[in-house]
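Some notes on the structure that comes next.
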Amino acid sequence: MRYRFLTCDVFTDRVFGGNPLAVFPDARGLVAERMQPIAREFNLSETTFVLPPETPEGTHRVRIFTPATELSFAGHPTVGTAYVLAWIGDVKLDREVVHVAFEEGVGIVPVTIRASRGEPVFAQLSAARMPEFGPAPPGPETIAAMLSLETSDLLLGDDPPQAVSCGQPILFVPVRDLAAIRRVRLKRDLWERSLSSYWAPQLYVFTHDTETDGADIHARFFPPALGIEEDPATGAAATALAGYLGIRDAMQSGTLRWVVEQGLEMGRPSRLEIEADRQDGVITAIRVGGSAVLVSDGEMDIPDTMPHGAT
């Protein structure tokens, strides 16, 4: 059977920037045993499959696959899927601001789409879960060695490595400057020994030293457990980053905002906009948004019976 797919670049305003995504806007008839090898065939960070909703609150059910596994939540697939559905008319842009609600493994993920002249120009997800903070990570010497850095390259002090999750557990590692973050090379053997079985095995390395105008954070993301060496734009990590930064901000009540630049070392510049609402010192809402561009529109012929070993 033939299924339509579209690809887009997410968290960017230009083709070949941001994070690529493949979207199957009507995946009815496909089961998970078909979805995983399809995602592996595309070999992008994620591929999404859109299905009818299963709850009264949802507008669409969205399943998200990396080449290696299914995810309960991911940011750039959520934003990119909203863009694609708006582009092809499955979400009607009859107002300047349109709301959808995606059923994902983490729960209902609300998405706001801003439109201009009937076309999407910005999409913003709202986190389904507030930050959860994990157990203490391995020591700074171990983390630094894993990243091919010196311990002195890590920020430490009031900003030590810390694990946070808003649906996907991530270890945040602040470093001192751009020079340090550009030297990062993940040593897989050390990662296997020291972090692969930890509560948050994915590494988000960041610095407040930035390259582009208006950016507050420069980031790189390494998720080897998901079958990805490095990711150029990571919405789920940006969501949890709001938890890491938010609890350290002096503002007790109000909206905190950050702009993250990512993907520059990969030649895929990306820009993510983060907002966090804080009330009496407690984070009550997190939003992550950005732009996207359509890249391709095609069809895939998927056999009813998968070849032996294609799982």
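Ordering of the structure tokens sets the chain letters (A, B, ...); residue numbers start at 1 within each chain; ligands are numbered from 1 in the order shown.
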**Contacts of Arg257 in chain A within 8 Å, only C-alpha atoms, excl. fewer than 4 positions in-chain, as a PyMOL selection string** = chain A and resi 273-276
Skipping near chain neighbours, those fewer than 2 positions away, what residues fall within 9 Å of Thr69 in chain A using only C-alpha atoms, listed as a compact mmCIF listing (two decimals) with N, CA, C and O atoms, in the first residue's frame?
```txt
# COMPACT_ATOMS: atom_id res chain seq x y z
N GLN A 36 8.69 1.16 12.73
CA GLN A 36 10.11 1.17 13.11
C GLN A 36 11.04 0.98 11.91
O GLN A 36 11.99 1.75 11.74
N ALA A 39 11.12 4.20 9.87
CA ALA A 39 11.98 5.22 10.47
C ALA A 39 13.46 4.91 10.25
O ALA A 39 14.27 5.81 10.01
N ILE A 64 6.08 8.69 17.47
CA ILE A 64 7.39 9.24 17.13
C ILE A 64 8.43 8.13 17.23
O ILE A 64 8.58 7.49 18.28
N PHE A 65 9.18 7.93 16.14
CA PHE A 65 10.21 6.89 16.10
C PHE A 65 11.55 7.48 15.70
O PHE A 65 11.64 8.25 14.73
N THR A 66 12.61 7.10 16.42
CA THR A 66 13.97 7.30 15.96
C THR A 66 14.34 6.07 15.11
O THR A 66 13.54 5.13 15.01
N PRO A 67 15.53 6.04 14.52
CA PRO A 67 15.92 4.81 13.81
C PRO A 67 15.99 3.58 14.71
O PRO A 67 15.95 2.45 14.21
N LEU A 71 9.60 6.94 20.82
CA LEU A 71 9.71 7.90 21.91
C LEU A 71 8.32 8.29 22.40
O LEU A 71 7.36 8.36 21.62
N LEU A 226 19.58 6.55 21.52
CA LEU A 226 18.48 6.63 20.55
C LEU A 226 18.94 6.31 19.14
O LEU A 226 18.18 6.46 18.18
N GLY A 227 20.19 5.89 18.99
CA GLY A 227 20.72 5.59 17.66
C GLY A 227 21.14 6.82 16.90
O GLY A 227 21.23 6.80 15.67
```
**Prompt:** If you run DSSP on the backbone, which residues of range 62-192 of chain A are alpha helix (DSSP H), as a PyMOL selection string?
**Reply:** chain A and resi 75-87+140-146+178-182+188-192
Just the residues within 8 Å of Ile113 in chain A, please, counting only C-alpha atoms, with nothing from its chain fewer than 2 positions along; format it as a compact mmCIF listing (two decimals) with all heavy atoms, in the first residue's frame.
```
# COMPACT_ATOMS: atom_id res chain seq x y z
N ALA A 82 3.03 19.50 13.39
CA ALA A 82 2.00 20.55 13.35
C ALA A 82 2.14 21.38 12.08
O ALA A 82 1.14 21.70 11.41
CB ALA A 82 2.12 21.43 14.59
N TYR A 83 3.37 21.75 11.73
CA TYR A 83 3.61 22.50 10.51
C TYR A 83 3.11 21.74 9.28
O TYR A 83 2.41 22.30 8.43
CB TYR A 83 5.10 22.77 10.35
CG TYR A 83 5.52 24.20 10.64
CD1 TYR A 83 5.92 24.58 11.90
CD2 TYR A 83 5.52 25.16 9.63
CE1 TYR A 83 6.31 25.87 12.18
CE2 TYR A 83 5.91 26.46 9.89
CZ TYR A 83 6.31 26.82 11.16
OH TYR A 83 6.69 28.10 11.42
N VAL A 97 -4.22 32.43 14.87
CA VAL A 97 -3.71 31.49 15.88
C VAL A 97 -4.65 30.29 15.95
O VAL A 97 -5.85 30.45 16.17
CB VAL A 97 -3.60 32.16 17.26
CG1 VAL A 97 -3.10 31.15 18.29
CG2 VAL A 97 -2.65 33.36 17.21
N VAL A 98 -4.09 29.10 15.74
CA VAL A 98 -4.87 27.86 15.72
C VAL A 98 -4.26 26.90 16.75
O VAL A 98 -3.03 26.82 16.88
CB VAL A 98 -4.88 27.23 14.32
CG1 VAL A 98 -5.60 25.89 14.33
CG2 VAL A 98 -5.52 28.17 13.31
N HIS A 99 -5.11 26.17 17.45
CA HIS A 99 -4.64 25.24 18.48
C HIS A 99 -4.97 23.80 18.09
O HIS A 99 -6.08 23.52 17.62
CB HIS A 99 -5.29 25.57 19.83
CG HIS A 99 -5.02 26.97 20.30
ND1 HIS A 99 -3.84 27.34 20.89
CD2 HIS A 99 -5.80 28.08 20.23
CE1 HIS A 99 -3.88 28.63 21.19
NE2 HIS A 99 -5.06 29.11 20.81
N VAL A 100 -4.01 22.90 18.29
CA VAL A 100 -4.23 21.47 18.15
C VAL A 100 -3.73 20.79 19.42
O VAL A 100 -3.03 21.40 20.24
CB VAL A 100 -3.51 20.89 16.90
CG1 VAL A 100 -4.11 21.45 15.63
CG2 VAL A 100 -2.01 21.17 16.96
N VAL A 111 -0.39 22.26 21.01
CA VAL A 111 0.48 22.99 20.08
C VAL A 111 -0.29 24.19 19.54
O VAL A 111 -1.44 24.05 19.10
CB VAL A 111 0.94 22.11 18.90
CG1 VAL A 111 1.90 22.89 18.00
CG2 VAL A 111 1.62 20.84 19.41
N ALA A 115 -0.34 31.72 12.07
CA ALA A 115 -0.46 31.73 10.62
C ALA A 115 -0.42 33.16 10.08
O ALA A 115 -0.79 34.11 10.77
CB ALA A 115 -1.76 31.06 10.19
N PRO A 120 1.48 28.53 7.79
CA PRO A 120 2.09 28.50 9.14
C PRO A 120 3.41 29.27 9.14
O PRO A 120 4.21 29.16 8.21
CB PRO A 120 2.30 27.02 9.41
CG PRO A 120 2.44 26.40 8.04
CD PRO A 120 1.53 27.20 7.15
N VAL A 121 3.64 30.04 10.20
CA VAL A 121 4.89 30.78 10.33
C VAL A 121 5.62 30.47 11.63
O VAL A 121 6.81 30.78 11.77
CB VAL A 121 4.66 32.30 10.21
CG1 VAL A 121 4.17 32.66 8.83
CG2 VAL A 121 3.69 32.80 11.28
N PHE A 122 4.93 29.85 12.60
CA PHE A 122 5.53 29.55 13.89
C PHE A 122 4.65 28.52 14.58
O PHE A 122 3.43 28.57 14.49
CB PHE A 122 5.62 30.81 14.76
CG PHE A 122 6.39 30.65 16.04
CD1 PHE A 122 7.76 30.82 16.08
CD2 PHE A 122 5.74 30.34 17.24
CE1 PHE A 122 8.47 30.69 17.26
CE2 PHE A 122 6.43 30.21 18.42
CZ PHE A 122 7.81 30.39 18.44
N ALA A 123 5.27 27.56 15.26
CA ALA A 123 4.52 26.58 16.05
C ALA A 123 5.19 26.43 17.40
O ALA A 123 6.43 26.43 17.50
CB ALA A 123 4.44 25.24 15.34
N GLN A 124 4.36 26.31 18.43
CA GLN A 124 4.87 26.25 19.79
C GLN A 124 4.15 25.16 20.58
O GLN A 124 2.92 25.17 20.66
CB GLN A 124 4.65 27.61 20.47
CG GLN A 124 5.18 27.72 21.89
CD GLN A 124 4.79 29.03 22.53
OE1 GLN A 124 3.61 29.31 22.73
NE2 GLN A 124 5.78 29.86 22.83
```
**Asked** If we count only C-alpha atoms, what is near range 173-186 of chain A at a cut-off of 10 Å, once residues fewer than 4 positions away on the same chain are taken out, given as an MDAnalysis selection string?
**Response** chainID A and resid 140 143:156 159:163 190:191 203:211 218:220 222 224 229:230 264:265
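Among the candidate residues A:Thr81, A:Ala285, A:Thr305, A:Arg117, the one lying nearest to Arg95 in chain A is A:Arg117, with distances computed using only C-alpha atoms.
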**Item:** Pick from A:Val84, A:Asp213, A:Pro56, A:Ile170 nearest to Val295 in chain A, counting only C-alpha atoms
**Value:**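 Comparing A:Val84, A:Asp213, A:Pro56, A:Ile170 against Val295 in chain A, the winner is A:Val84.
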**Message:** Residues within 12 Å of Arg40 in chain A, please, as an NGL selection string. Count only C-alpha atoms; anything in the same chain fewer than 2 positions from it doesn't count.
**Reply:** :A and (22 or 33-38 or 42-48 or 65-70 or 226-228 or 310-311)
Filtering to N, CA, C and O atoms, could you give me those residues as a JSON list (two decimals), in the first residue's frame?
```
[["chain", "number", "residue", "atom", "x", "y", "z"],
["A", 22, "ALA", "N", 10.64, 13.43, 8.95],
["A", 22, "ALA", "CA", 9.70, 12.82, 8.00],
["A", 22, "ALA", "C", 8.36, 12.63, 8.70],
["A", 22, "ALA", "O", 8.32, 12.20, 9.86],
["A", 33, "GLU", "N", 5.13, -2.37, 14.11],
["A", 33, "GLU", "CA", 6.11, -3.26, 13.47],
["A", 33, "GLU", "C", 6.47, -2.78, 12.07],
["A", 33, "GLU", "O", 7.54, -3.12, 11.55],
["A", 34, "ARG", "N", 5.62, -1.96, 11.46],
["A", 34, "ARG", "CA", 5.94, -1.34, 10.17],
["A", 34, "ARG", "C", 6.63, 0.01, 10.38],
["A", 34, "ARG", "O", 7.52, 0.39, 9.61],
["A", 35, "MET", "N", 6.21, 0.74, 11.40],
["A", 35, "MET", "CA", 6.73, 2.09, 11.62],
["A", 35, "MET", "C", 8.22, 2.09, 11.91],
["A", 35, "MET", "O", 8.96, 2.94, 11.40],
["A", 36, "GLN", "N", 8.69, 1.16, 12.73],
["A", 36, "GLN", "CA", 10.11, 1.17, 13.11],
["A", 36, "GLN", "C", 11.04, 0.98, 11.91],
["A", 36, "GLN", "O", 11.99, 1.75, 11.74],
["A", 37, "PRO", "N", 10.82, 0.00, 11.03],
["A", 37, "PRO", "CA", 11.71, -0.11, 9.88],
["A", 37, "PRO", "C", 11.59, 1.06, 8.91],
["A", 37, "PRO", "O", 12.56, 1.40, 8.22],
["A", 38, "ILE", "N", 10.41, 1.69, 8.84],
["A", 38, "ILE", "CA", 10.27, 2.89, 8.00],
["A", 38, "ILE", "C", 11.15, 4.00, 8.54],
["A", 38, "ILE", "O", 11.87, 4.68, 7.79],
["A", 42, "PHE", "N", 14.38, 5.95, 6.65],
["A", 42, "PHE", "CA", 14.65, 7.38, 6.51],
["A", 42, "PHE", "C", 15.95, 7.77, 7.20],
["A", 42, "PHE", "O", 16.67, 8.66, 6.74],
["A", 43, "ASN", "N", 16.23, 7.14, 8.33],
["A", 43, "ASN", "CA", 17.47, 7.36, 9.08],
["A", 43, "ASN", "C", 17.63, 8.82, 9.49],
["A", 43, "ASN", "O", 18.75, 9.35, 9.56],
["A", 44, "LEU", "N", 16.51, 9.49, 9.76],
["A", 44, "LEU", "CA", 16.55, 10.83, 10.33],
["A", 44, "LEU", "C", 16.46, 10.72, 11.86],
["A", 44, "LEU", "O", 16.20, 9.65, 12.39],
["A", 45, "SER", "N", 16.63, 11.84, 12.54],
["A", 45, "SER", "CA", 16.53, 11.79, 14.00],
["A", 45, "SER", "C", 15.19, 11.20, 14.42],
["A", 45, "SER", "O", 15.11, 10.38, 15.33],
["A", 46, "GLU", "N", 14.11, 11.65, 13.77],
["A", 46, "GLU", "CA", 12.77, 11.11, 14.05],
["A", 46, "GLU", "C", 11.91, 11.08, 12.79],
["A", 46, "GLU", "O", 12.11, 11.85, 11.85],
["A", 47, "THR", "N", 10.95, 10.17, 12.82],
["A", 47, "THR", "CA", 9.88, 10.08, 11.83],
["A", 47, "THR", "C", 8.58, 9.97, 12.61],
["A", 47, "THR", "O", 8.50, 9.25, 13.60],
["A", 48, "THR", "N", 7.54, 10.70, 12.16],
["A", 48, "THR", "CA", 6.27, 10.65, 12.88],
["A", 48, "THR", "C", 5.18, 10.04, 12.01],
["A", 48, "THR", "O", 5.20, 10.13, 10.78],
["A", 65, "PHE", "N", 9.18, 7.93, 16.14],
["A", 65, "PHE", "CA", 10.21, 6.89, 16.10],
["A", 65, "PHE", "C", 11.55, 7.48, 15.70],
["A", 65, "PHE", "O", 11.64, 8.25, 14.73],
["A", 66, "THR", "N", 12.61, 7.10, 16.42],
["A", 66, "THR", "CA", 13.97, 7.30, 15.96],
["A", 66, "THR", "C", 14.34, 6.07, 15.11],
["A", 66, "THR", "O", 13.54, 5.13, 15.01],
["A", 67, "PRO", "N", 15.53, 6.04, 14.52],
["A", 67, "PRO", "CA", 15.92, 4.81, 13.81],
["A", 67, "PRO", "C", 15.99, 3.58, 14.71],
["A", 67, "PRO", "O", 15.95, 2.45, 14.21],
["A", 68, "ALA", "N", 16.06, 3.79, 16.04],
["A", 68, "ALA", "CA", 16.26, 2.66, 16.95],
["A", 68, "ALA", "C", 15.07, 2.34, 17.83],
["A", 68, "ALA", "O", 14.91, 1.19, 18.26],
["A", 69, "THR", "N", 14.19, 3.33, 18.12],
["A", 69, "THR", "CA", 13.15, 3.09, 19.11],
["A", 69, "THR", "C", 12.02, 4.10, 18.98],
["A", 69, "THR", "O", 12.16, 5.13, 18.31],
["A", 70, "GLU", "N", 10.91, 3.82, 19.67],
["A", 70, "GLU", "CA", 9.79, 4.76, 19.75],
["A", 70, "GLU", "C", 9.98, 5.65, 20.97],
["A", 70, "GLU", "O", 10.42, 5.21, 22.02],
["A", 226, "LEU", "N", 19.58, 6.55, 21.52],
["A", 226, "LEU", "CA", 18.48, 6.63, 20.55],
["A", 226, "LEU", "C", 18.94, 6.31, 19.14],
["A", 226, "LEU", "O", 18.18, 6.46, 18.18],
["A", 227, "GLY", "N", 20.19, 5.89, 18.99],
["A", 227, "GLY", "CA", 20.72, 5.59, 17.66],
["A", 227, "GLY", "C", 21.14, 6.82, 16.90],
["A", 227, "GLY", "O", 21.23, 6.80, 15.67],
["A", 228, "ILE", "N", 21.41, 7.93, 17.61],
["A", 228, "ILE", "CA", 21.76, 9.21, 16.98],
["A", 228, "ILE", "C", 23.09, 9.68, 17.56],
["A", 228, "ILE", "O", 23.25, 9.73, 18.78],
["A", 310, "ALA", "N", 13.23, -7.64, 8.79],
["A", 310, "ALA", "CA", 12.98, -6.19, 8.77],
["A", 310, "ALA", "C", 12.07, -5.84, 9.93],
["A", 310, "ALA", "O", 10.85, -5.81, 9.81],
["A", 311, "THR", "N", 12.67, -5.60, 11.08],
["A", 311, "THR", "CA", 11.90, -5.26, 12.28],
["A", 311, "THR", "C", 12.44, -3.99, 12.90],
["A", 311, "THR", "O", 13.51, -3.53, 12.54]]
```
**Message:** Env of Arg28 in chain A: 8 Å cut, atoms = only C-alpha atoms, seq-sep filter 4 positions within chain, self excluded. Answer as a list of chain:residue names.
**Reply:**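 Within the cut-off, the hits are A:Val50, A:Leu51, A:Pro52.
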**Item:** Length of the CA of Ser291 in chain A to CA of Gly80 in chain A vector [Å]
**Value:**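 Distance between the two atoms: 8.5 Å.
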**Request:** Excluding Ser296 in chain A and any residue of its chain fewer than 3 positions from it, enumerate the residues within 10 Å of it, using only C-alpha atoms, and give them as number ranges by chain.
**Result:** A: 5-9, 22, 293
**Message:** So, with only C-alpha atoms as the atoms that count, which of A:Met1, A:Leu272, A:Ile283, A:Met266 lies closest to Ala236 in chain A?
**Reply:**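 Checking each candidate against Ala236 in chain A, we get A:Leu272 as the closest.
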**Request:** Enumerate, as a ChimeraX atom specification, the complete set of residues in range 6-50 of chain A that a backbone-based DSSP assignment places in strand (DSSP E or B).
**Result:** /A:6-10,19-24,46-50
Would you export the selected residues with all heavy atoms as a tab-separated table (two decimals), in the first residue's frame, please?
```
chain	number	residue	atom	x	y	z
A	6	LEU	N	5.89	13.55	3.96
A	6	LEU	CA	6.51	14.84	3.70
A	6	LEU	C	7.72	14.97	4.61
A	6	LEU	O	7.73	14.41	5.71
A	6	LEU	CB	5.55	16.01	3.95
A	6	LEU	CG	4.29	16.01	3.08
A	6	LEU	CD1	3.13	15.36	3.82
A	6	LEU	CD2	3.92	17.44	2.66
A	7	THR	N	8.74	15.69	4.15
A	7	THR	CA	9.86	15.99	5.02
A	7	THR	C	9.97	17.50	5.18
A	7	THR	O	9.62	18.27	4.29
A	7	THR	CB	11.19	15.43	4.49
A	7	THR	OG1	11.55	16.10	3.28
A	7	THR	CG2	11.10	13.93	4.25
A	8	CYS	N	10.44	17.90	6.34
A	8	CYS	CA	10.63	19.32	6.61
A	8	CYS	C	11.85	19.49	7.49
A	8	CYS	O	12.35	18.54	8.11
A	8	CYS	CB	9.39	19.91	7.29
A	8	CYS	SG	8.94	19.13	8.86
A	9	ASP	N	12.37	20.70	7.52
A	9	ASP	CA	13.46	21.06	8.42
A	9	ASP	C	12.86	21.94	9.52
A	9	ASP	O	12.19	22.94	9.23
A	9	ASP	CB	14.57	21.81	7.68
A	9	ASP	CG	15.33	20.90	6.72
A	9	ASP	OD1	15.36	19.68	6.97
A	9	ASP	OD2	15.88	21.40	5.73
A	10	VAL	N	13.10	21.56	10.76
A	10	VAL	CA	12.41	22.15	11.91
A	10	VAL	C	13.38	23.00	12.75
A	10	VAL	O	14.56	22.66	12.87
A	10	VAL	CB	11.78	21.06	12.79
A	10	VAL	CG1	10.93	21.67	13.89
A	10	VAL	CG2	10.95	20.11	11.93
A	19	ASN	N	16.54	20.68	12.04
A	19	ASN	CA	16.53	19.24	12.22
A	19	ASN	C	15.53	18.61	11.26
A	19	ASN	O	14.34	18.92	11.32
A	19	ASN	CB	16.14	18.90	13.67
A	19	ASN	CG	16.59	17.51	14.09
A	19	ASN	OD1	16.96	16.69	13.26
A	19	ASN	ND2	16.55	17.24	15.38
A	20	PRO	N	15.98	17.73	10.36
A	20	PRO	CA	15.05	17.11	9.40
A	20	PRO	C	14.05	16.20	10.10
A	20	PRO	O	14.34	15.58	11.13
A	20	PRO	CB	15.97	16.31	8.48
A	20	PRO	CG	17.34	16.81	8.73
A	20	PRO	CD	17.36	17.30	10.14
A	21	LEU	N	12.86	16.12	9.51
A	21	LEU	CA	11.80	15.27	10.03
A	21	LEU	C	11.00	14.70	8.86
A	21	LEU	O	10.71	15.41	7.90
A	21	LEU	CB	10.86	16.09	10.93
A	21	LEU	CG	9.60	15.38	11.44
A	21	LEU	CD1	9.97	14.37	12.53
A	21	LEU	CD2	8.59	16.40	11.99
A	22	ALA	N	10.64	13.43	8.95
A	22	ALA	CA	9.70	12.82	8.00
A	22	ALA	C	8.36	12.63	8.70
A	22	ALA	O	8.32	12.20	9.86
A	22	ALA	CB	10.22	11.48	7.49
A	23	VAL	N	7.27	12.98	8.01
A	23	VAL	CA	5.93	12.90	8.58
A	23	VAL	C	5.03	12.10	7.65
A	23	VAL	O	4.94	12.40	6.45
A	23	VAL	CB	5.33	14.31	8.79
A	23	VAL	CG1	3.92	14.21	9.36
A	23	VAL	CG2	6.22	15.15	9.69
A	24	PHE	N	4.36	11.09	8.20
A	24	PHE	CA	3.31	10.37	7.48
A	24	PHE	C	1.98	10.92	8.00
A	24	PHE	O	1.55	10.57	9.10
A	24	PHE	CB	3.44	8.87	7.71
A	24	PHE	CG	4.56	8.22	6.93
A	24	PHE	CD1	5.88	8.38	7.34
A	24	PHE	CD2	4.30	7.49	5.78
A	24	PHE	CE1	6.92	7.81	6.62
A	24	PHE	CE2	5.33	6.91	5.05
A	24	PHE	CZ	6.64	7.07	5.47
A	46	GLU	N	14.11	11.65	13.77
A	46	GLU	CA	12.77	11.11	14.05
A	46	GLU	C	11.91	11.08	12.79
A	46	GLU	O	12.11	11.85	11.85
A	46	GLU	CB	12.05	11.92	15.13
A	46	GLU	CG	12.51	11.66	16.55
A	46	GLU	CD	13.53	12.67	17.03
A	46	GLU	OE1	13.84	13.60	16.26
A	46	GLU	OE2	14.01	12.52	18.17
A	47	THR	N	10.95	10.17	12.82
A	47	THR	CA	9.88	10.08	11.83
A	47	THR	C	8.58	9.97	12.61
A	47	THR	O	8.50	9.25	13.60
A	47	THR	CB	10.06	8.84	10.93
A	47	THR	OG1	11.30	8.96	10.22
A	47	THR	CG2	8.92	8.69	9.94
A	48	THR	N	7.54	10.70	12.16
A	48	THR	CA	6.27	10.65	12.88
A	48	THR	C	5.18	10.04	12.01
A	48	THR	O	5.20	10.13	10.78
A	48	THR	CB	5.81	12.05	13.34
A	48	THR	OG1	5.55	12.87	12.20
A	48	THR	CG2	6.85	12.70	14.23
A	49	PHE	N	4.21	9.44	12.70
A	49	PHE	CA	3.07	8.79	12.06
A	49	PHE	C	1.80	9.33	12.72
A	49	PHE	O	1.63	9.21	13.93
A	49	PHE	CB	3.16	7.28	12.22
A	49	PHE	CG	4.42	6.69	11.63
A	49	PHE	CD1	5.60	6.62	12.38
A	49	PHE	CD2	4.44	6.22	10.32
A	49	PHE	CE1	6.76	6.09	11.84
A	49	PHE	CE2	5.60	5.69	9.77
A	49	PHE	CZ	6.76	5.63	10.52
A	50	VAL	N	0.94	9.94	11.91
A	50	VAL	CA	-0.25	10.61	12.43
A	50	VAL	C	-1.46	9.69	12.27
A	50	VAL	O	-1.71	9.15	11.18
A	50	VAL	CB	-0.49	11.95	11.71
A	50	VAL	CG1	-1.71	12.67	12.30
A	50	VAL	CG2	0.74	12.83	11.81
```
**Request:** Rank nothing, just name the residue among A:Ser116, A:Thr255, A:Thr78, A:Gln202 nearest to Pro137 in chain A, using only C-alpha atoms.
**Result:**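 For Pro137 in chain A, the nearest of the candidates is A:Gln202.
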**Message:** Under the rule that only C-alpha atoms are counted, which of A:Ala240, A:Leu125, A:Ala233, A:Val288 is the nearest residue to Cys166 in chain A?
**Reply:**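 Closest candidate: A:Ala240.
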